[in-house]
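Data block for upload-v1.cif (mmCIF, C-alpha atoms):
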data_structure
loop_
_atom_site.label_atom_id
_atom_site.label_comp_id
_atom_site.auth_asym_id
_atom_site.auth_seq_id
_atom_site.Cartn_x
_atom_site.Cartn_y
_atom_site.Cartn_z
CA MET D 1 -26.55 34.53 35.02
CA PHE D 2 -28.32 32.69 32.26
CA GLY D 3 -25.21 30.80 31.31
CA ASP D 4 -25.91 28.32 34.07
CA LEU D 5 -29.38 27.66 32.82
CA ARG D 6 -28.15 26.93 29.35
CA ARG D 7 -25.82 24.24 30.58
CA PHE D 8 -28.76 21.99 31.31
CA ASP D 9 -30.10 22.24 27.82
CA THR D 10 -28.72 19.00 26.45
CA ASP D 11 -30.90 18.77 23.40
CA TRP D 12 -28.39 19.79 20.76
CA THR D 13 -30.77 19.18 17.93
CA SER D 14 -32.79 22.24 18.75
CA GLY D 15 -30.57 25.00 17.49
CA GLY D 16 -27.59 24.19 19.65
CA ASP D 17 -25.81 22.41 16.85
CA TRP D 18 -23.81 25.43 15.73
CA PHE D 19 -22.06 25.47 19.07
CA ARG D 20 -20.96 21.86 18.91
CA ARG D 21 -19.70 22.39 15.40
CA PHE D 22 -17.80 25.46 16.54
CA VAL D 23 -16.18 23.55 19.36
CA ASP D 24 -15.37 20.62 17.08
CA GLU D 25 -13.60 22.97 14.74
CA LEU D 26 -11.56 24.55 17.50
CA TRP D 27 -10.46 21.24 18.93
CA PRO D 28 -10.62 18.71 16.18
CA GLU D 29 -10.43 15.12 17.30
CA PRO D 30 -7.12 13.45 16.69
CA GLY D 31 -7.44 11.65 13.39
CA ALA D 32 -10.67 13.33 12.42
CA ALA D 33 -8.99 15.33 9.72
CA ASP D 34 -7.02 12.37 8.45
CA ILE D 35 -5.79 12.88 4.91
CA ARG D 36 -7.39 9.56 4.01
CA SER D 37 -10.80 10.34 5.34
CA VAL D 38 -13.41 10.67 2.64
CA PRO D 39 -16.04 13.38 2.86
CA ARG D 40 -19.49 12.32 3.82
CA GLY D 41 -20.72 12.24 0.25
CA SER D 42 -18.40 9.43 -0.71
CA PHE D 43 -20.29 6.48 0.63
CA PRO D 44 -19.50 3.66 0.10
CA ARG D 45 -15.73 3.47 0.03
CA ILE D 46 -14.29 1.31 -2.70
CA ASN D 47 -11.07 -0.67 -3.05
CA VAL D 48 -9.98 -2.34 -6.27
CA GLY D 49 -7.38 -5.06 -6.56
CA ARG D 50 -6.06 -7.26 -9.31
CA THR D 51 -4.88 -10.83 -9.53
CA ASP D 52 -3.58 -12.71 -12.55
CA ASP D 53 -7.03 -13.85 -13.61
CA ALA D 54 -9.49 -11.34 -12.20
CA VAL D 55 -10.15 -7.86 -10.91
CA ARG D 56 -11.69 -7.73 -7.45
CA VAL D 57 -13.73 -4.80 -6.22
CA TYR D 58 -14.49 -4.36 -2.52
CA VAL D 59 -17.41 -2.09 -1.72
CA PHE D 60 -17.51 -1.11 1.96
CA ALA D 61 -21.25 -0.76 2.50
CA PRO D 62 -22.01 -1.47 6.15
CA GLY D 63 -25.59 -1.99 7.19
CA LEU D 64 -26.90 -2.68 3.72
CA ALA D 65 -28.86 -5.77 2.83
CA PRO D 66 -27.37 -7.59 -0.18
CA ASP D 67 -30.43 -6.77 -2.28
CA ALA D 68 -30.21 -3.06 -1.42
CA LEU D 69 -26.96 -2.70 -3.33
CA GLU D 70 -26.99 -2.58 -7.10
CA VAL D 71 -23.78 -3.32 -8.95
CA SER D 72 -23.55 -2.86 -12.69
CA LEU D 73 -20.75 -2.87 -15.24
CA GLN D 74 -20.89 -0.98 -18.47
CA ASP D 75 -17.83 -1.21 -20.65
CA ASN D 76 -15.21 -0.87 -17.97
CA VAL D 77 -17.09 1.42 -15.59
CA LEU D 78 -18.46 -0.19 -12.48
CA THR D 79 -21.35 1.58 -10.80
CA VAL D 80 -22.61 0.82 -7.32
CA SER D 81 -25.81 2.42 -6.20
CA GLY D 82 -28.40 1.93 -3.54
CA ARG D 83 -30.01 3.46 -0.57
CA ARG D 84 -29.06 3.29 3.06
CA PRO D 85 -32.05 3.73 5.32
CA ALA D 86 -31.94 6.40 7.98
CA ALA D 87 -31.27 5.28 11.52
CA THR D 88 -34.13 3.66 13.37
CA GLU D 89 -36.74 5.97 14.74
CA PRO D 90 -37.30 6.15 18.48
CA ALA D 91 -40.08 4.00 19.89
CA PRO D 92 -43.34 5.83 20.33
CA GLY D 93 -43.31 7.87 23.50
CA GLU D 94 -39.52 7.80 23.74
CA ARG D 95 -37.47 10.92 23.49
CA ARG D 96 -34.21 10.72 21.63
CA THR D 97 -31.38 13.13 22.23
CA ARG D 98 -28.81 13.02 19.47
CA PHE D 99 -25.18 13.80 20.10
CA ARG D 100 -23.45 12.71 16.93
CA ARG D 101 -24.66 11.90 13.45
CA GLU D 102 -21.71 11.01 11.30
CA ARG D 103 -23.03 7.99 9.45
CA ALA D 104 -24.20 8.63 5.92
CA THR D 105 -27.76 7.77 4.99
CA GLY D 106 -29.92 8.05 1.91
CA GLU D 107 -29.35 7.44 -1.78
CA PHE D 108 -25.89 6.95 -3.17
CA SER D 109 -24.28 6.15 -6.48
CA ARG D 110 -20.61 5.86 -7.28
CA SER D 111 -18.64 4.79 -10.31
CA VAL D 112 -15.10 3.59 -10.72
CA ALA D 113 -13.18 2.89 -13.90
CA LEU D 114 -11.72 -0.59 -14.08
CA PRO D 115 -9.08 -2.00 -16.39
CA GLU D 116 -10.26 -3.05 -19.84
CA GLY D 117 -10.92 -6.61 -20.88
CA LEU D 118 -13.19 -7.91 -18.13
CA ASP D 119 -15.87 -10.50 -18.67
CA PRO D 120 -19.10 -9.26 -17.04
CA ASP D 121 -20.94 -12.49 -17.82
CA ARG D 122 -18.81 -14.44 -15.40
CA ALA D 123 -18.84 -11.81 -12.67
CA GLU D 124 -19.74 -12.84 -9.14
CA ALA D 125 -20.60 -10.78 -6.09
CA ARG D 126 -21.01 -11.69 -2.47
CA PHE D 127 -21.72 -9.78 0.68
CA ARG D 128 -19.96 -10.43 3.95
CA HIS D 129 -19.74 -8.34 7.13
CA GLY D 130 -20.88 -5.23 5.30
CA VAL D 131 -18.39 -5.58 2.46
CA CYS D 132 -19.46 -6.56 -1.03
CA GLU D 133 -16.79 -8.35 -3.02
CA VAL D 134 -17.22 -8.33 -6.78
CA VAL D 135 -15.02 -10.69 -8.76
CA LEU D 136 -14.71 -9.80 -12.44
CA PRO D 137 -12.70 -12.40 -14.34
CA LYS D 138 -10.40 -11.24 -17.09
CA ARG D 139 -11.03 -12.46 -20.60
CA GLU D 140 -8.93 -15.39 -21.64
CA GLU D 141 -6.78 -13.44 -24.04
CA LEU D 142 -5.72 -10.99 -21.35
CA LYS D 143 -4.48 -13.49 -18.82
CA PRO D 144 -0.75 -13.71 -18.45
CA ARG D 145 0.71 -16.50 -20.48
CA ARG D 146 3.85 -18.42 -19.99
CA ILE D 147 6.16 -18.28 -22.92
CA ASP D 148 8.36 -21.25 -23.38
CA ILE D 149 11.91 -20.49 -24.18
CA GLN D 150 13.31 -22.92 -26.64
CA ALA D 151 16.85 -23.99 -26.54
CA SER D 152 18.52 -23.08 -29.72
CA MET V 1 -10.75 18.53 25.44
CA ASN V 2 -7.86 19.84 27.50
CA ASP V 3 -5.95 16.76 26.68
CA VAL V 4 -6.23 17.39 22.99
CA ALA V 5 -5.19 20.98 23.29
CA LYS V 6 -2.16 20.17 25.38
CA HIS V 7 -0.68 17.53 23.10
CA GLU V 8 0.99 18.90 20.07
CA PRO V 9 1.18 16.25 17.41
CA GLY V 10 4.85 16.93 16.76
CA ARG V 11 5.85 16.09 20.32
CA GLU V 12 4.26 12.70 20.51
CA PRO V 13 6.37 9.60 20.54
CA VAL V 14 6.74 8.29 17.02
CA GLU V 15 5.13 4.89 17.66
CA ARG V 16 1.99 6.47 18.99
CA ARG V 17 1.66 8.83 16.10
CA GLU V 18 2.06 6.04 13.60
CA ARG V 19 -0.48 3.87 15.31
CA ARG V 20 -3.01 6.62 15.18
CA VAL V 21 -2.47 7.32 11.50
CA ASP V 22 -2.65 3.63 10.82
CA ALA V 23 -6.18 3.10 12.07
CA LEU V 24 -9.38 4.24 10.42
CA LEU V 25 -11.82 6.34 12.37
CA PRO V 26 -15.25 4.78 12.06
CA PRO V 27 -18.16 7.21 11.69
CA VAL V 28 -20.56 6.99 14.61
CA ASP V 29 -24.05 8.00 15.61
CA ILE V 30 -24.55 8.57 19.31
CA TYR V 31 -27.89 9.17 20.91
CA GLU V 32 -29.62 8.83 24.21
CA GLU V 33 -32.88 7.00 24.54
CA ASP V 34 -34.66 4.76 26.97
CA ASN V 35 -32.26 5.51 29.86
CA ALA V 36 -29.31 4.36 27.82
CA LEU V 37 -26.68 5.79 25.53
CA HIS V 38 -26.60 4.18 22.11
CA LEU V 39 -23.56 4.14 19.87
CA VAL V 40 -23.80 2.96 16.27
CA ALA V 41 -20.52 2.65 14.36
CA ASP V 42 -19.79 1.70 10.78
CA MET V 43 -17.04 -0.88 10.71
CA PRO V 44 -17.38 -2.74 7.42
CA GLY V 45 -15.33 -5.91 7.19
CA VAL V 46 -15.27 -6.42 10.95
CA SER V 47 -16.89 -9.53 12.36
CA ARG V 48 -17.63 -10.62 15.91
CA ASP V 49 -14.30 -12.41 16.08
CA THR V 50 -12.17 -9.45 15.04
CA LEU V 51 -13.91 -6.84 17.15
CA SER V 52 -12.68 -5.77 20.55
CA ILE V 53 -14.49 -3.45 22.92
CA GLU V 54 -12.87 -2.38 26.15
CA VAL V 55 -13.68 -0.05 28.97
CA ASN V 56 -10.64 0.96 30.91
CA ASP V 57 -10.59 3.79 33.40
CA ASN V 58 -13.83 5.18 32.01
CA VAL V 59 -12.48 5.21 28.45
CA LEU V 60 -14.35 3.14 25.91
CA SER V 61 -12.13 1.73 23.17
CA LEU V 62 -13.54 0.26 20.02
CA GLU V 63 -11.14 -1.64 17.82
CA GLY V 64 -11.78 -3.87 14.88
CA GLU V 65 -9.74 -5.66 12.30
CA VAL V 66 -10.93 -5.83 8.71
CA ALA V 67 -11.08 -9.53 7.95
CA LEU V 68 -11.53 -10.07 4.25
CA ASP V 69 -10.34 -13.22 2.59
CA MET V 70 -8.34 -11.78 -0.23
CA PRO V 71 -6.61 -14.14 -2.59
CA GLU V 72 -2.85 -14.50 -2.68
CA GLY V 73 -1.10 -12.17 -5.05
CA LEU V 74 -3.76 -9.47 -5.04
CA THR V 75 -2.24 -6.13 -6.02
CA SER V 76 -4.05 -2.95 -5.22
CA ILE V 77 -5.05 -0.72 -8.12
CA TYR V 78 -7.12 1.79 -6.20
CA ALA V 79 -7.78 2.05 -2.48
CA GLU V 80 -9.93 4.29 -0.35
CA VAL V 81 -9.77 2.02 2.67
CA ARG V 82 -6.06 1.86 3.31
CA SER V 83 -5.90 0.34 6.71
CA GLN V 84 -6.83 -3.01 8.13
CA ARG V 85 -7.87 -1.60 11.46
CA TYR V 86 -10.53 0.66 12.92
CA ALA V 87 -10.06 2.37 16.25
CA ARG V 88 -11.93 5.01 18.16
CA ARG V 89 -12.10 6.00 21.80
CA PHE V 90 -14.64 7.83 23.87
CA THR V 91 -14.69 8.98 27.45
CA LEU V 92 -17.72 7.68 29.28
CA SER V 93 -19.55 9.67 31.82
CA HIS V 94 -19.85 8.24 35.30
CA GLU V 95 -23.55 7.46 35.01
CA VAL V 96 -22.99 4.63 32.52
CA ASP V 97 -23.33 1.19 34.04
CA VAL V 98 -20.21 -0.36 32.55
CA ASP V 99 -21.16 -3.92 33.48
CA ALA V 100 -24.44 -3.67 31.64
CA ILE V 101 -23.03 -2.58 28.26
CA ARG V 102 -24.30 -4.75 25.43
CA ALA V 103 -22.87 -4.92 21.92
CA SER V 104 -23.87 -6.52 18.67
CA ILE V 105 -22.42 -6.35 15.18
CA ASP V 106 -24.39 -7.04 12.02
CA ASP V 107 -23.26 -6.46 8.46
CA GLY V 108 -20.37 -4.36 9.67
CA VAL V 109 -22.49 -2.07 11.86
CA LEU V 110 -21.73 -2.10 15.56
CA HIS V 111 -24.50 -1.24 17.97
CA LEU V 112 -23.55 -0.55 21.55
CA VAL V 113 -26.13 0.01 24.26
CA MET V 114 -24.82 1.61 27.43
CA PRO V 115 -27.51 1.71 30.12
CA LYS V 116 -27.38 4.34 32.78
CA LYS V 117 -27.06 3.35 36.41
CA GLU V 118 -30.29 3.01 38.29
CA THR V 119 -29.37 5.93 40.51
CA HIS V 120 -29.02 8.27 37.55
CA ARG V 121 -32.35 7.63 35.91
CA PRO V 122 -34.79 10.46 35.86
CA ARG V 123 -37.38 10.31 38.56
CA ARG V 124 -40.66 12.00 38.70
CA ILE V 125 -41.13 14.23 41.68
CA GLU V 126 -44.64 14.47 42.92
CA VAL V 127 -45.80 17.90 43.80
CA LYS V 128 -48.05 17.70 46.79
CA ALA V 129 -50.97 19.94 47.22
CA ALA V 130 -50.33 22.32 50.06
#
Can you give me the file's structure in the form of structure tokens?
Amino acid sequence: MFGDLRRFDTDWTSGGDWFRRFVDELWPEPGAADIRSVPRGSFPRINVGRTDDAVRVYVFAPGLAPDALEVSLQDNVLTVSGRRPAATEPAPGERRTRFRRERATGEFSRSVALPEGLDPDRAEARFRHGVCEVVLPKREELKPRRIDIQAS
Amino acid sequence: MNDVAKHEPGREPVERRERRVDALLPPVDIYEEDNALHLVADMPGVSRDTLSIEVNDNVLSLEGEVALDMPEGLTSIYAEVRSQRYARRFTLSHEVDVDAIRASIDDGVLHLVMPKKETHRPRRIEVKAA
């Protein structure tokens, strides 16, 4: 009898959350449990690549202003830290019903070990479309060198 | 929900399965406010030009291509983002006014506003004194 009444209670935030979680677990979304998905704590995601003369780090930090992300290199450990503000608050007098909150917010700090022999003084970083690209040039002596083969 | 339960992953055609594994699932916030549904999705690396939003048969599809200019000869040492593509789909309810959907993307965050049809907005009912 009261089941019908409950159906109209759409405000999940007030104690109804356990039910949604329960249902989500029973019928997980396709792809939601992807082996590659990173748990919520691991924001931002990081990719590292290497070219002949530099190591490039890509920090996937959507929604962050360039000055809200701090990138530092100590020895060969790169640390990215910052804070992602919580979602905007509803306008005064507006009621907000939340259905999903998957995006990470708050403070974060992550470190990755990079190859040795980088030159932090010549490092450059730029932010584009929510991705910060850090270019760390290799020191001269570590760049690949062509060795001439002499005819004997 | 029924759809998900009915399809066993093993029985899907191979191409479809691969496509699904290939794409990243962007995390989203969804909320309702101001007579509209709002969807906020994290799609870092996606710009206006590489984003595609479609509504087909009441299914909203979000797809985006990661467009980073990486130099030639870049070899990956370590990768947490292993796909170039984001994709996620949602079923819309009938009260969403599909023609009025607005979208914007800033710093890799997509914000979609889906207003409800005029006929589905809450209305105050006056109670008359008897």
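The space separating CA of His120 (chain V) from CA of Arg100 (chain D) comes to 21.8 Å.
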**Message:** Quick check on the file I pasted: which residues fall under the PyMOL selection byres ((chain V) within 8 of (chain D))? Write them as a ChimeraX atom specification.
**Reply:** /V:1,4-5,20-21,25,27-34,41-47,71,73-82,106-109
Export of prior selection with C-alpha atoms as an mmCIF file, keeping the file's coordinate frame:
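Saved as again_24.cif:
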data_model
loop_
_atom_site.group_PDB
_atom_site.id
_atom_site.type_symbol
_atom_site.label_atom_id
_atom_site.label_comp_id
_atom_site.auth_asym_id
_atom_site.auth_seq_id
_atom_site.Cartn_x
_atom_site.Cartn_y
_atom_site.Cartn_z
ATOM 1 C CA MET V 1 -10.750 18.530 25.440
ATOM 2 C CA VAL V 4 -6.230 17.390 22.990
ATOM 3 C CA ALA V 5 -5.190 20.980 23.290
ATOM 4 C CA ARG V 20 -3.010 6.620 15.180
ATOM 5 C CA VAL V 21 -2.470 7.320 11.500
ATOM 6 C CA LEU V 25 -11.820 6.340 12.370
ATOM 7 C CA PRO V 27 -18.160 7.210 11.690
ATOM 8 C CA VAL V 28 -20.560 6.990 14.610
ATOM 9 C CA ASP V 29 -24.050 8.000 15.610
ATOM 10 C CA ILE V 30 -24.550 8.570 19.310
ATOM 11 C CA TYR V 31 -27.890 9.170 20.910
ATOM 12 C CA GLU V 32 -29.620 8.830 24.210
ATOM 13 C CA GLU V 33 -32.880 7.000 24.540
ATOM 14 C CA ASP V 34 -34.660 4.760 26.970
ATOM 15 C CA ALA V 41 -20.520 2.650 14.360
ATOM 16 C CA ASP V 42 -19.790 1.700 10.780
ATOM 17 C CA MET V 43 -17.040 -0.880 10.710
ATOM 18 C CA PRO V 44 -17.380 -2.740 7.420
ATOM 19 C CA GLY V 45 -15.330 -5.910 7.190
ATOM 20 C CA VAL V 46 -15.270 -6.420 10.950
ATOM 21 C CA SER V 47 -16.890 -9.530 12.360
ATOM 22 C CA PRO V 71 -6.610 -14.140 -2.590
ATOM 23 C CA GLY V 73 -1.100 -12.170 -5.050
ATOM 24 C CA LEU V 74 -3.760 -9.470 -5.040
ATOM 25 C CA THR V 75 -2.240 -6.130 -6.020
ATOM 26 C CA SER V 76 -4.050 -2.950 -5.220
ATOM 27 C CA ILE V 77 -5.050 -0.720 -8.120
ATOM 28 C CA TYR V 78 -7.120 1.790 -6.200
ATOM 29 C CA ALA V 79 -7.780 2.050 -2.480
ATOM 30 C CA GLU V 80 -9.930 4.290 -0.350
ATOM 31 C CA VAL V 81 -9.770 2.020 2.670
ATOM 32 C CA ARG V 82 -6.060 1.860 3.310
ATOM 33 C CA ASP V 106 -24.390 -7.040 12.020
ATOM 34 C CA ASP V 107 -23.260 -6.460 8.460
ATOM 35 C CA GLY V 108 -20.370 -4.360 9.670
ATOM 36 C CA VAL V 109 -22.490 -2.070 11.860
#
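Across the model, the gap from CA of Ala123 (chain D) to CA of Leu142 (chain D) is 15.8 Å.
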**Request:** Using the chain letters and numbering of this document, enumerate as a PyMOL selection string the residues selected by the PyMOL selection byres ((chain V and resi 62) around 7).
**Result:** chain V and resi 52-54+60-61+63-64+87-89
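Of note, CA of Val71 (chain D) and CA of Ala67 (chain V) are spaced 22.0 Å apart.
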Axis-aligned box for region 42-47 of chain V, 6 Å per side, centre and edges in Å as lines of an AutoDock Vina configuration file:
center_x = -17.5
center_y = -3.9
center_z = 9.8
size_x = 16.5
size_y = 23.2
size_z = 17.2
Env of Asn56 (chain V): 12 Å cut, atoms = all atoms listed in the file, seq-sep filter 6 positions within chain, self excluded. Answer as a PDB file with C-alpha atoms, in the frame of the given file.
ATOM      1  CA  LEU V  62     -13.540   0.260  20.020  1.00  0.00           C
ATOM      2  CA  ARG V  89     -12.100   6.000  21.800  1.00  0.00           C
ATOM      3  CA  PHE V  90     -14.640   7.830  23.870  1.00  0.00           C
ATOM      4  CA  THR V  91     -14.690   8.980  27.450  1.00  0.00           C
ATOM      5  CA  LEU V  92     -17.720   7.680  29.280  1.00  0.00           C
ATOM      6  CA  VAL V  98     -20.210  -0.360  32.550  1.00  0.00           C
ATOM      7  CA  ASP V  99     -21.160  -3.920  33.480  1.00  0.00           C
TER       8      ASP V  99
END
**Asked** Residues picked by the PyMOL selection byres ((chain D and resi 81) around 7) here, as a PyMOL selection string?
**Response** chain D and resi 69-71+79-80+82+108-110
**Asked** Counting all atoms listed in the file, what is within 6 Å of Gly106 (chain D), bar same-chain residues fewer than 6 positions away, as a list in words?
**Response** Arg83, Arg84 and Pro85 of chain D
Can you rebuild region 114-125 of chain D with N, CA and C atoms and give it as a PDB file, in the frame of the given file?
ATOM      1  N   LEU D 114     -12.517   0.607 -14.287  1.00  0.00           N
ATOM      2  CA  LEU D 114     -11.720  -0.590 -14.080  1.00  0.00           C
ATOM      3  C   LEU D 114     -10.871  -0.839 -15.323  1.00  0.00           C
ATOM      4  N   PRO D 115      -9.880  -1.693 -15.197  1.00  0.00           N
ATOM      5  CA  PRO D 115      -9.080  -2.000 -16.390  1.00  0.00           C
ATOM      6  C   PRO D 115      -9.951  -2.621 -17.484  1.00  0.00           C
ATOM      7  N   GLU D 116      -9.510  -2.493 -18.702  1.00  0.00           N
ATOM      8  CA  GLU D 116     -10.260  -3.050 -19.840  1.00  0.00           C
ATOM      9  C   GLU D 116     -10.146  -4.573 -19.853  1.00  0.00           C
ATOM     10  N   GLY D 117     -11.040  -5.175 -20.612  1.00  0.00           N
ATOM     11  CA  GLY D 117     -10.920  -6.610 -20.880  1.00  0.00           C
ATOM     12  C   GLY D 117     -11.502  -7.508 -19.814  1.00  0.00           C
ATOM     13  N   LEU D 118     -12.570  -7.059 -19.143  1.00  0.00           N
ATOM     14  CA  LEU D 118     -13.190  -7.910 -18.130  1.00  0.00           C
ATOM     15  C   LEU D 118     -14.413  -8.595 -18.732  1.00  0.00           C
ATOM     16  N   ASP D 119     -14.751  -9.709 -18.157  1.00  0.00           N
ATOM     17  CA  ASP D 119     -15.870 -10.500 -18.670  1.00  0.00           C
ATOM     18  C   ASP D 119     -17.052 -10.376 -17.711  1.00  0.00           C
ATOM     19  N   PRO D 120     -17.998  -9.477 -18.001  1.00  0.00           N
ATOM     20  CA  PRO D 120     -19.100  -9.260 -17.040  1.00  0.00           C
ATOM     21  C   PRO D 120     -20.014 -10.470 -16.890  1.00  0.00           C
ATOM     22  N   ASP D 121     -20.041 -11.339 -17.903  1.00  0.00           N
ATOM     23  CA  ASP D 121     -20.940 -12.490 -17.820  1.00  0.00           C
ATOM     24  C   ASP D 121     -20.526 -13.482 -16.745  1.00  0.00           C
ATOM     25  N   ARG D 122     -19.269 -13.495 -16.408  1.00  0.00           N
ATOM     26  CA  ARG D 122     -18.810 -14.440 -15.400  1.00  0.00           C
ATOM     27  C   ARG D 122     -18.568 -13.764 -14.050  1.00  0.00           C
ATOM     28  N   ALA D 123     -19.073 -12.545 -13.914  1.00  0.00           N
ATOM     29  CA  ALA D 123     -18.840 -11.810 -12.670  1.00  0.00           C
ATOM     30  C   ALA D 123     -19.629 -12.430 -11.517  1.00  0.00           C
ATOM     31  N   GLU D 124     -19.066 -12.332 -10.338  1.00  0.00           N
ATOM     32  CA  GLU D 124     -19.740 -12.840  -9.140  1.00  0.00           C
ATOM     33  C   GLU D 124     -19.624 -11.793  -8.038  1.00  0.00           C
ATOM     34  N   ALA D 125     -20.654 -11.727  -7.208  1.00  0.00           N
ATOM     35  CA  ALA D 125     -20.600 -10.780  -6.090  1.00  0.00           C
ATOM     36  C   ALA D 125     -21.107 -11.467  -4.839  1.00  0.00           C
TER      37      ALA D 125
END
